[in-house]
>>> print(open('work13.txt').read())   # compact mmCIF, C-alpha atoms and all ligand atoms
# COMPACT_ATOMS: atom_id res chain seq x y z
CA MET A 27 -27.84 -7.31 -55.91
CA GLN A 28 -25.62 -7.81 -52.88
CA LYS A 29 -22.18 -6.37 -53.30
CA ILE A 30 -18.75 -6.46 -51.69
CA GLU A 31 -16.20 -3.81 -52.64
CA LYS A 32 -12.60 -3.91 -51.43
CA LYS A 33 -10.30 -0.90 -51.23
CA TRP A 34 -6.67 -0.61 -50.07
CA ILE A 35 -6.44 2.09 -47.42
CA GLY A 36 -2.90 1.87 -46.10
CA ASN A 37 -0.27 -0.13 -44.37
CA ILE A 38 0.86 -0.80 -40.83
CA ARG A 39 3.90 -2.82 -39.68
CA GLY A 40 4.39 -3.91 -43.31
CA GLU A 41 0.85 -5.28 -43.63
CA ASP A 42 -1.69 -3.93 -46.08
CA VAL A 43 -5.03 -2.80 -44.71
CA TYR A 44 -8.28 -2.90 -46.66
CA ALA A 45 -11.74 -1.45 -46.25
CA PHE A 46 -14.61 -3.69 -47.31
CA LEU A 47 -17.94 -2.16 -48.20
CA VAL A 48 -20.53 -4.88 -47.73
CA THR A 49 -24.02 -4.12 -49.12
CA ASN A 50 -27.15 -6.23 -48.82
CA GLY A 51 -29.30 -7.48 -51.70
CA LYS A 52 -31.81 -4.59 -51.45
CA GLY A 53 -29.09 -1.94 -51.33
CA THR A 54 -30.60 -0.60 -48.08
CA LEU A 55 -27.78 -1.41 -45.64
CA SER A 56 -24.02 -1.14 -46.21
CA ALA A 57 -21.29 -1.70 -43.64
CA GLU A 58 -17.75 -0.49 -44.06
CA ILE A 59 -15.38 -2.80 -42.20
CA LEU A 60 -11.61 -2.34 -41.94
CA THR A 61 -9.20 -5.26 -41.74
CA TYR A 62 -7.33 -3.21 -39.11
CA GLY A 63 -9.02 -4.05 -35.80
CA GLY A 64 -12.18 -5.31 -37.51
CA ILE A 65 -13.36 -1.71 -37.26
CA LEU A 66 -16.92 -0.82 -38.19
CA ARG A 67 -16.17 2.56 -39.75
CA SER A 68 -19.51 3.37 -41.40
CA LEU A 69 -22.96 1.88 -41.57
CA TRP A 70 -25.38 3.36 -44.08
CA TYR A 71 -29.05 2.60 -43.59
CA LYS A 72 -31.22 4.05 -46.37
CA GLY A 73 -28.72 6.83 -46.94
CA THR A 74 -27.95 7.75 -43.31
CA ASP A 75 -24.55 6.82 -41.90
CA VAL A 76 -25.42 5.69 -38.37
CA ALA A 77 -21.91 4.68 -37.20
CA LEU A 78 -19.24 6.96 -35.78
CA GLY A 79 -15.84 6.64 -37.42
CA ARG A 80 -12.51 8.26 -37.85
CA GLU A 81 -11.11 9.89 -40.97
CA THR A 82 -7.99 7.95 -41.92
CA LEU A 83 -6.47 4.59 -41.03
CA GLU A 84 -3.74 6.43 -39.10
CA ASP A 85 -6.36 8.17 -36.96
CA TYR A 86 -7.22 4.78 -35.48
CA PHE A 87 -3.68 4.06 -34.28
CA ASP A 88 -4.11 5.98 -30.98
CA ASN A 89 -7.18 3.83 -30.00
CA ASP A 90 -8.74 7.03 -28.70
CA GLY A 91 -12.28 6.04 -27.69
CA TYR A 92 -12.10 2.62 -29.39
CA ILE A 93 -14.29 3.92 -32.19
CA GLY A 94 -15.75 0.79 -33.82
CA PRO A 95 -13.32 -2.14 -33.44
CA ILE A 96 -13.60 -5.75 -32.32
CA ILE A 97 -12.40 -6.06 -28.73
CA GLY A 98 -10.54 -9.15 -27.49
CA ARG A 99 -9.35 -11.29 -25.98
CA HIS A 100 -11.19 -9.79 -23.07
CA ALA A 101 -13.64 -6.91 -23.40
CA GLY A 102 -13.94 -4.47 -20.52
CA ARG A 103 -11.97 -3.92 -17.38
CA ILE A 104 -9.92 -6.36 -15.32
CA GLN A 105 -9.18 -4.54 -12.10
CA ASP A 106 -5.59 -4.73 -10.84
CA ALA A 107 -4.76 -6.40 -14.17
CA PHE A 108 -4.40 -9.99 -13.07
CA PHE A 109 -6.38 -13.19 -12.94
CA THR A 110 -5.83 -16.69 -11.63
CA LEU A 111 -6.62 -19.65 -13.85
CA ASN A 112 -5.96 -23.32 -13.01
CA GLY A 113 -3.94 -22.18 -9.99
CA LYS A 114 -1.64 -19.90 -11.96
CA THR A 115 -1.73 -16.11 -11.75
CA TYR A 116 -1.36 -14.15 -14.99
CA ILE A 117 -0.25 -10.53 -14.91
CA LEU A 118 -1.59 -8.24 -17.61
CA PRO A 119 -0.39 -4.78 -18.60
CA LYS A 120 -2.06 -1.97 -16.67
CA THR A 121 -3.49 0.26 -19.35
CA GLU A 122 -5.75 2.57 -17.37
CA ASN A 123 -5.12 4.52 -14.15
CA GLU A 124 -2.11 2.25 -13.53
CA ARG A 125 -4.65 -0.14 -12.00
CA VAL A 126 -6.75 -1.68 -14.73
CA ASN A 127 -6.43 -3.70 -17.93
CA LEU A 128 -9.00 -2.20 -20.30
CA HIS A 129 -10.00 -3.96 -23.51
CA SER A 130 -6.85 -6.15 -23.31
CA GLY A 131 -4.33 -3.36 -23.90
CA ASP A 132 -2.89 -3.82 -27.39
CA GLY A 133 -5.71 -6.22 -28.08
CA PHE A 134 -7.46 -7.45 -31.20
CA HIS A 135 -8.46 -3.89 -32.10
CA THR A 136 -4.82 -3.17 -33.04
CA ARG A 137 -4.31 -6.21 -35.28
CA VAL A 138 -4.45 -6.63 -39.03
CA TRP A 139 -6.95 -9.41 -39.72
CA GLN A 140 -7.07 -11.66 -42.78
CA ALA A 141 -10.26 -11.17 -44.77
CA GLU A 142 -12.22 -13.43 -47.05
CA GLU A 143 -15.53 -12.98 -48.77
CA VAL A 144 -18.11 -15.51 -47.70
CA SER A 145 -20.23 -16.83 -50.53
CA GLY A 146 -23.92 -17.34 -49.87
CA GLU A 147 -27.36 -15.80 -50.00
CA GLU A 148 -26.27 -12.76 -48.01
CA ALA A 149 -23.30 -10.41 -48.28
CA ALA A 150 -20.63 -11.31 -45.73
CA ILE A 151 -16.94 -11.09 -44.98
CA LYS A 152 -15.00 -13.15 -42.50
CA LEU A 153 -12.01 -11.73 -40.64
CA SER A 154 -9.61 -14.06 -38.89
CA MET A 155 -6.40 -13.92 -36.92
CA VAL A 156 -4.23 -15.96 -34.61
CA SER A 157 -3.38 -14.56 -31.20
CA PRO A 158 -0.16 -16.23 -30.03
CA ASP A 159 0.34 -17.87 -26.65
CA GLY A 160 1.10 -15.12 -24.12
CA ASP A 161 -0.47 -12.38 -26.24
CA GLY A 162 -1.31 -9.46 -23.97
CA GLY A 163 -0.41 -11.67 -20.99
CA PHE A 164 -3.11 -14.29 -21.72
CA PRO A 165 -2.23 -17.99 -22.04
CA GLY A 166 -2.91 -20.21 -25.06
CA GLU A 167 -2.81 -19.68 -28.79
CA VAL A 168 -6.25 -18.47 -29.79
CA THR A 169 -7.57 -18.69 -33.34
CA VAL A 170 -10.41 -16.29 -33.82
CA SER A 171 -12.79 -15.32 -36.61
CA VAL A 172 -15.46 -12.68 -36.83
CA THR A 173 -17.99 -12.77 -39.64
CA PHE A 174 -19.88 -9.61 -40.58
CA THR A 175 -23.06 -10.31 -42.52
CA VAL A 176 -25.24 -7.56 -43.93
CA THR A 177 -28.58 -9.31 -44.08
CA ASN A 178 -31.37 -8.73 -46.55
CA ASP A 179 -33.66 -7.76 -43.67
CA ASP A 180 -31.35 -4.86 -42.78
CA ALA A 181 -29.27 -6.26 -39.95
CA LEU A 182 -25.56 -6.20 -39.39
CA ARG A 183 -24.87 -9.62 -37.91
CA ILE A 184 -21.56 -10.15 -36.12
CA SER A 185 -20.69 -13.80 -35.47
CA TYR A 186 -17.69 -14.64 -33.32
CA CYS A 187 -15.80 -17.89 -33.17
CA ALA A 188 -12.63 -18.77 -31.24
CA HIS A 189 -10.72 -21.79 -30.10
CA THR A 190 -7.60 -22.21 -28.05
CA ASP A 191 -4.85 -24.78 -27.51
CA ALA A 192 -4.70 -24.07 -23.74
CA ASP A 193 -7.28 -22.85 -21.21
CA THR A 194 -7.65 -19.08 -21.41
CA LEU A 195 -10.15 -16.19 -21.20
CA VAL A 196 -12.27 -15.11 -24.15
CA ASN A 197 -14.86 -12.35 -24.04
CA LEU A 198 -15.31 -10.72 -27.43
CA THR A 199 -17.42 -7.74 -28.42
CA SER A 200 -17.81 -5.04 -31.02
CA HIS A 201 -17.23 -1.45 -29.92
CA GLY A 202 -19.37 0.15 -32.65
CA TYR A 203 -20.75 3.59 -31.81
CA PHE A 204 -24.18 4.40 -33.18
CA ASN A 205 -26.06 7.63 -33.75
CA LEU A 206 -29.38 6.91 -35.41
CA ASN A 207 -29.85 10.50 -36.50
CA GLY A 208 -26.57 10.22 -38.43
CA HIS A 209 -22.99 10.16 -37.17
CA ASP A 210 -22.66 13.93 -37.74
CA SER A 211 -25.95 14.97 -36.14
CA GLY A 212 -24.79 15.89 -32.62
CA SER A 213 -25.82 14.29 -29.37
CA ILE A 214 -27.88 11.13 -28.85
CA GLU A 215 -29.69 12.67 -25.85
CA ASN A 216 -32.98 12.79 -27.74
CA HIS A 217 -32.80 9.15 -28.78
CA THR A 218 -35.15 6.84 -26.92
CA ILE A 219 -34.19 3.45 -25.55
CA VAL A 220 -35.86 0.32 -24.26
CA MET A 221 -33.71 -2.40 -22.73
CA ASN A 222 -34.74 -5.75 -21.36
CA ALA A 223 -32.54 -5.68 -18.25
CA ALA A 224 -33.85 -5.94 -14.69
CA TYR A 225 -30.37 -5.78 -13.11
CA TYR A 226 -27.10 -3.98 -13.70
CA LEU A 227 -23.56 -4.19 -12.38
CA PRO A 228 -22.64 -1.15 -10.27
CA ASN A 229 -19.08 0.07 -10.83
CA ASN A 230 -16.40 0.92 -8.31
CA THR A 231 -14.42 4.14 -8.79
CA LEU A 232 -12.22 2.40 -11.38
CA CYS A 233 -15.31 1.69 -13.50
CA ALA A 234 -14.91 -2.05 -12.86
CA PRO A 235 -17.75 -4.12 -11.39
CA THR A 236 -18.01 -4.29 -7.59
CA GLY A 237 -19.44 -7.81 -7.81
CA GLU A 238 -22.92 -6.67 -6.82
CA ILE A 239 -25.83 -7.44 -9.15
CA ARG A 240 -28.34 -4.68 -8.41
CA SER A 241 -31.97 -4.27 -9.38
CA VAL A 242 -32.72 -1.41 -11.82
CA GLU A 243 -35.98 -0.66 -10.00
CA GLY A 244 -36.19 3.03 -9.09
CA THR A 245 -32.85 3.86 -10.78
CA SER A 246 -31.75 5.50 -14.04
CA PHE A 247 -30.86 2.00 -15.21
CA ASP A 248 -34.51 1.02 -15.52
CA MET A 249 -35.05 1.12 -19.27
CA ARG A 250 -37.73 -1.56 -19.33
CA GLN A 251 -40.16 1.10 -20.52
CA GLU A 252 -39.09 3.46 -23.31
CA LYS A 253 -37.00 6.37 -21.97
CA ARG A 254 -35.29 9.37 -23.50
CA ILE A 255 -31.55 8.83 -23.09
CA GLY A 256 -31.01 12.50 -22.14
CA ALA A 257 -33.57 12.26 -19.35
CA LEU A 258 -31.64 9.31 -17.90
CA LEU A 259 -28.28 11.03 -18.33
CA HIS A 260 -29.43 14.15 -16.51
CA ALA A 261 -31.51 12.50 -13.80
CA ASP A 262 -28.89 13.40 -11.18
CA PHE A 263 -28.33 9.78 -10.23
CA PRO A 264 -25.03 9.17 -8.37
CA GLU A 265 -23.96 6.19 -10.51
CA THR A 266 -24.29 8.05 -13.80
CA ASN A 267 -23.04 11.35 -12.34
CA ARG A 268 -19.80 9.68 -11.35
CA PHE A 269 -19.02 8.50 -14.88
CA GLY A 270 -20.62 11.38 -16.76
CA GLY A 271 -23.23 8.98 -18.14
CA PHE A 272 -23.67 5.27 -18.70
CA ASP A 273 -20.54 3.12 -18.68
CA HIS A 274 -22.06 0.05 -17.07
CA THR A 275 -22.79 -3.57 -17.78
CA MET A 276 -26.48 -4.42 -17.89
CA VAL A 277 -27.64 -7.92 -16.99
CA LEU A 278 -29.96 -9.04 -19.76
CA GLN A 279 -33.17 -10.95 -19.24
CA GLY A 280 -33.68 -14.31 -20.88
CA THR A 281 -31.32 -16.61 -22.69
CA GLY A 282 -30.71 -17.63 -26.27
CA PHE A 283 -30.67 -15.33 -29.26
CA ARG A 284 -33.23 -12.73 -28.25
CA LYS A 285 -33.98 -9.04 -28.72
CA ILE A 286 -32.50 -7.13 -25.78
CA ALA A 287 -32.80 -3.47 -26.73
CA GLU A 288 -34.31 -1.02 -29.13
CA VAL A 289 -33.07 2.53 -29.71
CA THR A 290 -34.69 5.19 -31.93
CA GLY A 291 -33.29 8.41 -33.34
CA ASP A 292 -35.77 11.27 -32.96
CA LYS A 293 -34.81 13.13 -36.15
CA THR A 294 -34.76 10.23 -38.63
CA GLY A 295 -37.12 7.79 -36.95
CA ILE A 296 -34.50 5.09 -37.51
CA THR A 297 -34.87 2.29 -34.97
CA MET A 298 -32.08 -0.12 -34.18
CA GLU A 299 -32.88 -3.39 -32.48
CA CYS A 300 -30.10 -5.30 -30.77
CA ILE A 301 -30.44 -9.08 -30.74
CA THR A 302 -27.84 -11.22 -29.02
CA ASP A 303 -27.12 -14.51 -27.31
CA ARG A 304 -24.92 -12.83 -24.65
CA PRO A 305 -25.95 -12.47 -20.97
CA GLY A 306 -24.76 -8.86 -20.74
CA VAL A 307 -24.34 -5.63 -22.61
CA HIS A 308 -22.00 -2.83 -21.68
CA PHE A 309 -24.01 0.34 -22.29
CA TYR A 310 -21.70 3.28 -22.96
CA THR A 311 -23.03 6.71 -23.90
CA GLY A 312 -19.84 8.22 -25.29
CA ASN A 313 -19.18 10.17 -22.10
CA LYS A 314 -15.50 10.58 -22.92
CA ILE A 315 -15.58 11.12 -26.68
CA ASP A 316 -12.55 13.23 -27.49
CA PRO A 317 -13.64 16.41 -29.31
CA LEU A 318 -10.08 17.00 -30.54
CA ALA A 319 -9.63 13.66 -32.34
CA THR A 320 -10.10 13.53 -36.10
CA TYR A 321 -13.32 11.91 -37.24
CA LYS A 322 -14.94 11.17 -40.61
CA HIS A 323 -15.25 14.13 -42.97
CA ARG A 324 -13.55 16.21 -40.24
CA THR A 325 -16.80 16.24 -38.28
CA VAL A 326 -16.40 17.47 -34.72
CA TYR A 327 -17.82 14.88 -32.32
CA SER A 328 -18.69 15.79 -28.74
CA THR A 329 -19.76 14.05 -25.55
CA TYR A 330 -22.81 11.80 -26.16
CA GLN A 331 -22.29 11.84 -29.95
CA GLY A 332 -22.85 8.09 -30.04
CA PHE A 333 -23.74 5.10 -27.90
CA CYS A 334 -22.33 1.58 -27.74
CA LEU A 335 -24.15 -1.65 -27.01
CA GLU A 336 -21.17 -3.91 -26.32
CA THR A 337 -22.79 -7.32 -26.01
CA GLN A 338 -20.63 -9.64 -23.94
CA LEU A 339 -20.02 -11.73 -20.85
CA PHE A 340 -19.43 -9.64 -17.73
CA PRO A 341 -16.14 -7.81 -17.16
CA ASP A 342 -13.73 -8.95 -14.45
CA SER A 343 -15.60 -12.26 -14.06
CA MET A 344 -12.61 -14.19 -12.74
CA LYS A 345 -12.98 -12.29 -9.45
CA TYR A 346 -16.66 -13.13 -9.13
CA PRO A 347 -17.29 -16.86 -9.65
CA PHE A 348 -21.07 -16.29 -9.75
CA PHE A 349 -20.70 -14.25 -12.98
CA PRO A 350 -20.97 -16.28 -16.22
CA SER A 351 -17.62 -17.87 -16.99
CA VAL A 352 -15.19 -16.22 -19.42
CA ILE A 353 -12.96 -19.30 -19.48
CA LEU A 354 -12.46 -20.97 -22.84
CA LYS A 355 -11.07 -24.42 -22.33
CA SER A 356 -8.57 -26.06 -24.59
CA GLY A 357 -10.38 -27.90 -27.37
CA GLU A 358 -13.66 -26.03 -26.83
CA THR A 359 -15.12 -23.49 -29.22
CA PHE A 360 -16.35 -20.03 -28.27
CA GLN A 361 -19.28 -18.98 -30.40
CA SER A 362 -21.54 -15.98 -30.17
CA LYS A 363 -23.76 -13.82 -32.32
CA THR A 364 -25.15 -10.29 -32.16
CA GLU A 365 -27.34 -8.47 -34.66
CA TYR A 366 -28.01 -4.77 -35.00
CA ARG A 367 -31.20 -4.54 -37.05
CA PHE A 368 -32.50 -1.33 -38.60
CA MET A 369 -35.98 -0.16 -39.55
CA LEU A 370 -37.91 3.06 -39.80
CA LYS A 371 -40.09 3.38 -36.74
CA LYS A 372 -43.16 4.04 -38.85
CA GLU A 373 -42.58 0.79 -40.74
CA LYS A 374 -42.19 -1.23 -37.55
CA GLY A 375 -44.36 -4.25 -37.30
CA LYS A 376 -44.95 -4.38 -41.07
C1 LIG A 401 -15.42 1.71 -21.62
C2 LIG A 401 -15.33 3.19 -21.43
C3 LIG A 401 -14.33 3.73 -22.38
C4 LIG A 401 -14.84 3.38 -23.76
C5 LIG A 401 -13.97 3.89 -24.85
C6 LIG A 401 -15.94 1.47 -23.00
O1 LIG A 401 -16.14 0.13 -23.25
O2 LIG A 401 -16.20 1.10 -20.64
O3 LIG A 401 -14.98 3.53 -20.12
O4 LIG A 401 -14.17 5.10 -22.26
O5 LIG A 401 -14.97 2.00 -23.87
O6 LIG A 401 -12.65 3.77 -24.56
>>> encode(input="work13.txt", output="structure tokens", more="lines below")
Ligand code: BGC
Amino acid sequence: MQKIEKKWIGNIRGEDVYAFLVTNGKGTLSAEILTYGGILRSLWYKGTDVALGRETLEDYFDNDGYIGPIIGRHAGRIQDAFFTLNGKTYILPKTENERVNLHSGDGFHTRVWQAEEVSGEEAAIKLSMVSPDGDGGFPGEVTVSVTFTVTNDDALRISYCAHTDADTLVNLTSHGYFNLNGHDSGSIENHTIVMNAAYYLPNNTLCAPTGEIRSVEGTSFDMRQEKRIGALLHADFPETNRFGGFDHTMVLQGTGFRKIAEVTGDKTGITMECITDRPGVHFYTGNKIDPLATYKHRTVYSTYQGFCLETQLFPDSMKYPFFPSVILKSGETFQSKTEYRFMLKKEKGK
């Protein structure tokens, strides 16, 4: 039987915070979601916790590594922290290197969301919040909801919805970190990956896109055939050397809700498929995971302990009009959906 359990875990700015444990009908997949930041704290697939997480609610307050939250209004980097919309320039806080706005500063990952259980065939909770006009420097009051469904075919589905009362930017993602051998199992270097991306966005030194859309052919970014992540990380390729690994947006093939990547843990044989309707995914290999931060069960995490598949529009798109638009117009609705689906490799295709 599907199940939703709710537990009070603390308080911030006078608001209570809850953890929801959402389990599917077969009891094979459970997601632990916090109402603070919409954080994915744990994800148990057949007994293995494949999501990185921190120990207490308070541990999340420093945003160190953005371990698991929903990112908004705008995921990724906006270089020089400004954009021009309808002829007006908006200045955002510079939150990285005194040059860049990363993940919208005190963005949606720092908010307490309202939660409701969604009744239906599958276990789901819906988180919602209102981001006031001017929030983080962005115009318009944005009403946003994110529904987490734990499906009976072992997927965590994240469905995003937003509307605004004035033209603004919306680019939402989930910053979940995965380790398919288990969150406490060390590095993901021996995971294998396949990704349906023929192009990627090279970064400048600030880790923001240069505007170029480059072919993956002959580079470490070519994951069209299955590759070992460690082999790509250590291939001595300038783009990955510079950032200590992958921290790049991949341009996905195809349109519509389609499978874009598949990653497998070598020790457990757990495969995760990523299915999304987004044109891009920011592939981050946990290059800067802080070994001194406090994580679940006091586990020490190190570099490459987890990877993120942050499905999204492209970062810094307002500077590059040929990138898909991140503008949400007044009266329009932003909608998007991503699934992370789990299976044991040996059962694949059954
Ligand atoms: C960024 C990384 C950053 C990480 C955690 C990713 O989305 O691109 O550069 O270190 O988030 O903060």
>>> closest_atom_pairs(input="work13.txt", of="chain A", to="ligand LIG 401 (chain A)", cutoff="8 Å", atoms="all atoms listed in the file", output="CSV")
residue,atom,partner,partner_atom,distance
A:Asn89,CA,A:LIG401,O6,7.7
A:Asp90,CA,A:LIG401,O6,6.6
A:Gly91,CA,A:LIG401,O6,3.9
A:Tyr92,CA,A:LIG401,O6,5.0
A:Ile93,CA,A:LIG401,C5,7.3
A:Ala101,CA,A:LIG401,O1,7.5
A:Gly102,CA,A:LIG401,O1,5.8
A:Arg103,CA,A:LIG401,O2,7.3
A:Leu128,CA,A:LIG401,C1,7.6
A:His129,CA,A:LIG401,O1,7.4
A:His201,CA,A:LIG401,O1,6.9
A:Cys233,CA,A:LIG401,O3,6.9
A:Asp273,CA,A:LIG401,O2,5.2
A:His274,CA,A:LIG401,O2,6.9
A:His308,CA,A:LIG401,O1,6.8
A:Phe309,CA,A:LIG401,O1,7.9
A:Tyr310,CA,A:LIG401,C6,6.0
A:Gly312,CA,A:LIG401,C4,7.1
A:Asn313,CA,A:LIG401,O4,7.1
A:Lys314,CA,A:LIG401,O4,5.7
A:Ile315,CA,A:LIG401,O4,7.6
A:Cys334,CA,A:LIG401,O1,7.8
A:Glu336,CA,A:LIG401,O1,7.1
>>> closest_residue(input="work13.txt", among="A:Trp139, A:Tyr44, A:Phe272, A:Tyr330", to="Ser211 (chain A)", atoms="all atoms listed in the file")
A:Tyr330
>>> closest_residue(input="work13.txt", among="A:Asp106, A:Asp88, A:Glu142, A:Asp132", to="Thr61 (chain A)", atoms="all atoms listed in the file")
A:Glu142
>>> closest_residue(input="work13.txt", among="A:Asn127, A:Gln28, A:Lys285, A:Leu182", to="Ser145 (chain A)", atoms="only C-alpha atoms")
A:Gln28
>>> atom_distance(input="work13.txt", atom1="CA of Phe87 (chain A)", atom2="CA of Ile30 (chain A)")
25.3 Å
>>> residues_near_point(input="work13.txt", point="(-5.9, -4.2, -31.6)", cutoff="8 Å", atoms="all atoms listed in the file", output="JSON list (two decimals) with C-alpha atoms, in the coordinates of the input")
[["chain", "number", "residue", "atom", "x", "y", "z"],
["A", 62, "TYR", "CA", -7.33, -3.21, -39.11],
["A", 63, "GLY", "CA", -9.02, -4.05, -35.80],
["A", 95, "PRO", "CA", -13.32, -2.14, -33.44],
["A", 96, "ILE", "CA", -13.60, -5.75, -32.32],
["A", 97, "ILE", "CA", -12.40, -6.06, -28.73],
["A", 98, "GLY", "CA", -10.54, -9.15, -27.49],
["A", 131, "GLY", "CA", -4.33, -3.36, -23.90],
["A", 132, "ASP", "CA", -2.89, -3.82, -27.39],
["A", 133, "GLY", "CA", -5.71, -6.22, -28.08],
["A", 134, "PHE", "CA", -7.46, -7.45, -31.20],
["A", 135, "HIS", "CA", -8.46, -3.89, -32.10],
["A", 136, "THR", "CA", -4.82, -3.17, -33.04],
["A", 137, "ARG", "CA", -4.31, -6.21, -35.28],
["A", 138, "VAL", "CA", -4.45, -6.63, -39.03]]
>>> residues_around(input="work13.txt", residues="Ser213 (chain A)", least_positions_apart="3", cutoff="9 Å", atoms="only C-alpha atoms", output="short mmCIF file (atom, residue, chain, number, x, y, z; two decimals) with C-alpha atoms, keeping the file's coordinate frame")
data_model
loop_
_atom_site.label_atom_id
_atom_site.label_comp_id
_atom_site.auth_asym_id
_atom_site.auth_seq_id
_atom_site.Cartn_x
_atom_site.Cartn_y
_atom_site.Cartn_z
CA ASN A 205 -26.06 7.63 -33.75
CA ASP A 210 -22.66 13.93 -37.74
CA ASN A 216 -32.98 12.79 -27.74
CA HIS A 217 -32.80 9.15 -28.78
CA TYR A 327 -17.82 14.88 -32.32
CA SER A 328 -18.69 15.79 -28.74
CA THR A 329 -19.76 14.05 -25.55
CA TYR A 330 -22.81 11.80 -26.16
CA GLN A 331 -22.29 11.84 -29.95
CA GLY A 332 -22.85 8.09 -30.04
#
>>> residues_around(input="work13.txt", residues="Ile104 (chain A)", least_positions_apart="6", cutoff="9 Å", atoms="only C-alpha atoms", output="PyMOL selection string")
chain A and resi 118+125-130+234+341-345
>>> closest_residue(input="work13.txt", among="A:Thr218, A:Ser241, A:Thr54, A:Asn123", to="Ala287 (chain A)", atoms="all atoms listed in the file")
A:Thr218
>>> atom_distance(input="work13.txt", atom1="CA of Ile35 (chain A)", atom2="CA of Met155 (chain A)")
19.1 Å
>>> residues_around(input="work13.txt", residues="region 167-170 of chain A", least_positions_apart="4", cutoff="7 Å", atoms="all atoms listed in the file", output="list of chain:residue names")
A:Ser154, A:Met155, A:Val156, A:Ser157, A:Pro158, A:Asp159, A:Cys187, A:Ala188, A:His189, A:Thr190, A:Asp191, A:Ala192
>>> residues_around(input="work13.txt", residues="Gly306 (chain A)", least_positions_apart="4", cutoff="6 Å", atoms="all atoms listed in the file", output="ChimeraX atom specification")
/A:276-278,337-339
>>> atom_distance(input="work13.txt", atom1="CA of Ser56 (chain A)", atom2="CA of Thr74 (chain A)")
10.1 Å
>>> closest_residue(input="work13.txt", among="A:Phe108, A:Tyr226, A:Phe164, A:Phe283", to="Glu243 (chain A)", atoms="all atoms listed in the file")
A:Tyr226
>>> closest_residue(input="work13.txt", among="A:Pro347, A:Met27, A:Phe109, A:Leu198", to="Glu238 (chain A)", atoms="all atoms listed in the file")
A:Pro347
>>> residues_around(input="work13.txt", residues="Lys52 (chain A)", least_positions_apart="6", cutoff="12 Å", atoms="only C-alpha atoms", output="PDB file with C-alpha atoms, in the frame of the given file")
ATOM      1  CA  MET A  27     -27.840  -7.310 -55.910  1.00  0.00           C
ATOM      2  CA  GLN A  28     -25.620  -7.810 -52.880  1.00  0.00           C
ATOM      3  CA  LYS A  29     -22.180  -6.370 -53.300  1.00  0.00           C
ATOM      4  CA  TYR A  71     -29.050   2.600 -43.590  1.00  0.00           C
ATOM      5  CA  LYS A  72     -31.220   4.050 -46.370  1.00  0.00           C
ATOM      6  CA  GLU A 148     -26.270 -12.760 -48.010  1.00  0.00           C
ATOM      7  CA  ALA A 149     -23.300 -10.410 -48.280  1.00  0.00           C
ATOM      8  CA  VAL A 176     -25.240  -7.560 -43.930  1.00  0.00           C
ATOM      9  CA  THR A 177     -28.580  -9.310 -44.080  1.00  0.00           C
ATOM     10  CA  ASN A 178     -31.370  -8.730 -46.550  1.00  0.00           C
ATOM     11  CA  ASP A 179     -33.660  -7.760 -43.670  1.00  0.00           C
ATOM     12  CA  ASP A 180     -31.350  -4.860 -42.780  1.00  0.00           C
ATOM     13  CA  ALA A 181     -29.270  -6.260 -39.950  1.00  0.00           C
TER      14      ALA A 181
END
